[in-house]
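Content type compact mmCIF, N, CA and C atoms, from the file query05.txt:
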# COMPACT_ATOMS: atom_id res chain seq x y z
N MET A 1 -7.57 -2.79 8.63
CA MET A 1 -6.70 -3.87 8.25
C MET A 1 -5.76 -4.21 9.40
N VAL A 2 -5.20 -3.19 10.03
CA VAL A 2 -4.28 -3.43 11.14
C VAL A 2 -5.00 -4.15 12.28
N ASP A 3 -6.24 -3.79 12.52
CA ASP A 3 -7.01 -4.47 13.57
C ASP A 3 -7.15 -5.95 13.28
N ARG A 4 -7.40 -6.30 12.04
CA ARG A 4 -7.54 -7.72 11.68
C ARG A 4 -6.22 -8.45 11.84
N VAL A 5 -5.12 -7.78 11.54
CA VAL A 5 -3.80 -8.38 11.77
C VAL A 5 -3.60 -8.59 13.26
N ALA A 6 -3.91 -7.56 14.06
CA ALA A 6 -3.73 -7.65 15.52
C ALA A 6 -4.58 -8.74 16.14
N LEU A 7 -5.72 -9.05 15.53
CA LEU A 7 -6.59 -10.12 16.03
C LEU A 7 -6.17 -11.51 15.52
N GLY A 8 -5.13 -11.56 14.70
CA GLY A 8 -4.66 -12.83 14.17
C GLY A 8 -5.49 -13.35 13.01
N ARG A 9 -6.25 -12.50 12.36
CA ARG A 9 -7.13 -12.91 11.27
C ARG A 9 -6.57 -12.59 9.89
N LEU A 10 -5.42 -11.90 9.83
CA LEU A 10 -4.91 -11.46 8.55
C LEU A 10 -3.40 -11.30 8.63
N VAL A 11 -2.73 -11.65 7.57
CA VAL A 11 -1.31 -11.39 7.40
C VAL A 11 -1.18 -10.53 6.15
N VAL A 12 -0.42 -9.47 6.21
CA VAL A 12 -0.31 -8.56 5.07
C VAL A 12 1.15 -8.28 4.73
N VAL A 13 1.36 -7.89 3.51
CA VAL A 13 2.65 -7.39 3.06
C VAL A 13 2.47 -5.89 2.88
N VAL A 14 3.30 -5.13 3.55
CA VAL A 14 3.19 -3.67 3.49
C VAL A 14 4.56 -3.07 3.19
N GLY A 15 4.55 -1.85 2.74
CA GLY A 15 5.80 -1.14 2.51
C GLY A 15 6.41 -0.69 3.82
N GLU A 16 7.71 -0.46 3.80
CA GLU A 16 8.43 -0.01 5.00
C GLU A 16 7.84 1.25 5.59
N SER A 17 7.27 2.11 4.76
CA SER A 17 6.73 3.37 5.24
C SER A 17 5.52 3.19 6.16
N VAL A 18 4.91 2.02 6.16
CA VAL A 18 3.73 1.75 6.99
C VAL A 18 4.12 1.21 8.36
N ARG A 19 5.32 0.75 8.47
CA ARG A 19 5.77 0.06 9.68
C ARG A 19 5.50 0.84 10.97
N ASP A 20 5.75 2.15 10.98
CA ASP A 20 5.58 2.93 12.20
C ASP A 20 4.12 3.16 12.57
N ARG A 21 3.19 2.81 11.69
CA ARG A 21 1.75 2.98 11.97
C ARG A 21 1.07 1.69 12.38
N LEU A 22 1.82 0.61 12.52
CA LEU A 22 1.21 -0.69 12.81
C LEU A 22 0.84 -0.87 14.28
N GLY A 23 1.46 -0.15 15.16
CA GLY A 23 1.15 -0.29 16.57
C GLY A 23 1.99 -1.36 17.23
N GLY A 24 1.96 -1.36 18.54
CA GLY A 24 2.80 -2.26 19.32
C GLY A 24 2.38 -3.72 19.30
N SER A 25 1.13 -4.00 19.00
CA SER A 25 0.66 -5.39 19.04
C SER A 25 0.92 -6.14 17.74
N VAL A 26 1.37 -5.43 16.71
CA VAL A 26 1.62 -6.06 15.41
C VAL A 26 3.12 -6.07 15.16
N ARG A 27 3.63 -7.24 14.82
CA ARG A 27 5.06 -7.35 14.55
C ARG A 27 5.31 -7.28 13.04
N ALA A 28 6.28 -6.47 12.65
CA ALA A 28 6.66 -6.35 11.25
C ALA A 28 8.12 -6.75 11.13
N VAL A 29 8.42 -7.59 10.17
CA VAL A 29 9.79 -8.02 9.94
C VAL A 29 10.15 -7.76 8.47
N PRO A 30 11.39 -7.34 8.22
CA PRO A 30 11.79 -7.11 6.84
C PRO A 30 11.91 -8.43 6.07
N VAL A 31 11.64 -8.38 4.80
CA VAL A 31 11.80 -9.54 3.93
C VAL A 31 13.04 -9.27 3.09
N HIS A 32 14.03 -10.12 3.25
CA HIS A 32 15.30 -9.94 2.54
C HIS A 32 15.43 -10.98 1.42
N GLY A 33 16.23 -10.66 0.44
CA GLY A 33 16.55 -11.61 -0.60
C GLY A 33 15.60 -11.64 -1.78
N TYR A 34 14.68 -10.71 -1.81
CA TYR A 34 13.75 -10.63 -2.94
C TYR A 34 14.02 -9.35 -3.70
N PRO A 35 13.94 -9.40 -5.02
CA PRO A 35 14.19 -8.17 -5.79
C PRO A 35 13.06 -7.16 -5.58
N ALA A 36 13.38 -5.90 -5.84
CA ALA A 36 12.35 -4.86 -5.77
C ALA A 36 11.24 -5.21 -6.76
N THR A 37 10.05 -4.78 -6.44
CA THR A 37 8.91 -5.09 -7.29
C THR A 37 8.15 -3.82 -7.61
N GLN A 38 7.24 -3.93 -8.50
CA GLN A 38 6.41 -2.80 -8.89
C GLN A 38 5.00 -3.06 -8.37
N LEU A 39 4.40 -2.04 -7.77
CA LEU A 39 3.03 -2.17 -7.29
C LEU A 39 2.06 -2.01 -8.45
N VAL A 40 0.96 -2.73 -8.38
CA VAL A 40 -0.10 -2.58 -9.37
C VAL A 40 -1.42 -2.39 -8.63
N LEU A 41 -2.37 -1.78 -9.28
CA LEU A 41 -3.71 -1.61 -8.72
C LEU A 41 -4.65 -2.58 -9.39
N ALA A 42 -5.57 -3.14 -8.64
CA ALA A 42 -6.55 -4.06 -9.19
C ALA A 42 -7.92 -3.66 -8.68
N TRP A 43 -8.93 -3.75 -9.56
CA TRP A 43 -10.29 -3.40 -9.17
C TRP A 43 -11.28 -4.17 -10.00
N LEU A 44 -12.50 -4.23 -9.52
CA LEU A 44 -13.57 -4.90 -10.24
C LEU A 44 -13.94 -4.09 -11.47
N PRO A 45 -14.35 -4.75 -12.56
CA PRO A 45 -14.69 -4.05 -13.79
C PRO A 45 -15.75 -2.96 -13.63
N ASP A 46 -16.69 -3.13 -12.69
CA ASP A 46 -17.74 -2.13 -12.54
C ASP A 46 -17.38 -1.02 -11.55
N ALA A 47 -16.14 -0.96 -11.13
CA ALA A 47 -15.71 0.05 -10.16
C ALA A 47 -14.86 1.13 -10.83
N HIS A 48 -15.19 1.48 -12.06
CA HIS A 48 -14.38 2.45 -12.81
C HIS A 48 -14.24 3.78 -12.09
N SER A 49 -15.30 4.29 -11.50
CA SER A 49 -15.27 5.58 -10.85
C SER A 49 -14.29 5.59 -9.68
N ALA A 50 -14.36 4.59 -8.84
CA ALA A 50 -13.46 4.50 -7.68
C ALA A 50 -12.02 4.30 -8.15
N ALA A 51 -11.82 3.50 -9.16
CA ALA A 51 -10.48 3.26 -9.68
C ALA A 51 -9.90 4.54 -10.27
N PHE A 52 -10.71 5.30 -10.97
CA PHE A 52 -10.24 6.56 -11.55
C PHE A 52 -9.80 7.52 -10.45
N ARG A 53 -10.61 7.66 -9.41
CA ARG A 53 -10.26 8.57 -8.30
C ARG A 53 -8.98 8.12 -7.61
N LEU A 54 -8.83 6.81 -7.41
CA LEU A 54 -7.64 6.28 -6.75
C LEU A 54 -6.40 6.54 -7.59
N THR A 55 -6.45 6.23 -8.87
CA THR A 55 -5.28 6.43 -9.72
C THR A 55 -4.96 7.93 -9.87
N ALA A 56 -5.97 8.77 -9.96
CA ALA A 56 -5.73 10.21 -10.06
C ALA A 56 -5.05 10.73 -8.79
N THR A 57 -5.48 10.27 -7.65
CA THR A 57 -4.87 10.67 -6.38
C THR A 57 -3.43 10.18 -6.31
N ALA A 58 -3.20 8.93 -6.68
CA ALA A 58 -1.84 8.36 -6.65
C ALA A 58 -0.91 9.14 -7.58
N GLN A 59 -1.38 9.49 -8.76
CA GLN A 59 -0.56 10.25 -9.70
C GLN A 59 -0.26 11.64 -9.15
N ALA A 60 -1.21 12.26 -8.50
CA ALA A 60 -0.99 13.59 -7.92
C ALA A 60 0.05 13.52 -6.80
N VAL A 61 -0.04 12.51 -5.97
CA VAL A 61 0.94 12.35 -4.88
C VAL A 61 2.33 12.12 -5.44
N MET A 62 2.44 11.26 -6.43
CA MET A 62 3.74 10.98 -7.04
C MET A 62 4.31 12.23 -7.72
N ALA A 63 3.47 13.02 -8.34
CA ALA A 63 3.94 14.25 -8.99
C ALA A 63 4.53 15.21 -7.96
N GLU A 64 3.94 15.26 -6.76
CA GLU A 64 4.45 16.12 -5.71
C GLU A 64 5.78 15.62 -5.17
N ARG A 65 6.00 14.32 -5.19
CA ARG A 65 7.22 13.73 -4.63
C ARG A 65 8.35 13.64 -5.65
N THR A 66 8.05 13.80 -6.91
CA THR A 66 9.07 13.69 -7.94
C THR A 66 9.93 14.94 -7.95
N PRO A 67 11.24 14.76 -7.77
CA PRO A 67 12.12 15.95 -7.78
C PRO A 67 12.11 16.62 -9.15
N ARG A 68 12.10 17.92 -9.13
CA ARG A 68 12.13 18.68 -10.39
C ARG A 68 13.58 19.06 -10.70
N PRO A 69 13.93 19.02 -11.99
CA PRO A 69 15.33 19.37 -12.36
C PRO A 69 15.64 20.83 -12.14

Let me see whether you can do it: turn the structure in this file into structure tokens.
Amino acid sequence: MVDRVALGRLVVVVGESVRDRLGGSVRAVPVHGYPATQLVLAWLPDAHSAAFRLTATAQAVMAERTPRP
């Protein structure tokens, strides 16, 4: 994806955490004045297996990052 951006073929919206991985040829600017949003996942109806693996991985990562009382 970053390569396509660097070639001028794609513009993307990414989280701040990705900024340091974009490389020197890609410019990232903050977007101000918009409220925080919630990310959603979207997939084709016949891609249940891939969607399940992706959501399971995301939930596992979030569980590791969630502070415990």

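In this comparison, which uses only C-alpha atoms, the residue of A:Glu64, A:Arg4, A:Arg19, A:Ala58 approaching Leu39 (chain A) most closely is A:Ala58.
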
Coordinates-based distance that separates CA of Ala28 (chain A) from CA of Leu7 (chain A) (Å, one decimal):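 Atom-to-atom, CA of Leu7 (chain A) to CA of Ala28 (chain A), that is 14.6 Å.
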
Which residue of A:Pro30, A:Thr55, A:Leu41, A:Pro35 approaches Ser17 (chain A) most closely, using only C-alpha atoms: A:Pro30

Please compute the CA of Val40 (chain A)-CA of Ser25 (chain A) distance, one decimal, in Å.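 The value is 28.6 Å.
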
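With distances taken over only N, CA and C atoms, A:Ala6 is the one residue among A:Val11, A:Leu44, A:Ala51, A:Ala6 lying closest to Val26 (chain A).
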
Would you mind reading off the distance between CA of Gly15 (chain A) and CA of Met62 (chain A), one decimal, in Å? 15.6 Å

Return the padded bounding box of region 33-52 of chain A as JSON: axis-aligned, built from all atoms listed in the file, 8 Å added on each side, with centre and edge lengths in Å to one decimal.
{"center_x": -0.6, "center_y": -2.1, "center_z": -6.7, "size_x": 50.3, "size_y": 35.2, "size_z": 30.2}

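Minimum distance to Leu54 (chain A) across A:Val29, A:Arg9, A:Ala42, A:Arg21 (counting only C-alpha atoms) occurs at A:Ala42.
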
As number ranges by chain, please: every residue in chain A that a backbone DSSP assignment puts in alpha helix (DSSP H). A: 2-6, 48-65

Nearest-residue call for Val31 (chain A), choices A:Ala47, A:Ala63, A:Val2, A:Val13, using only C-alpha atoms: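 Looking only at the distances to Val31 (chain A), the closest residue turns out to be A:Val13.
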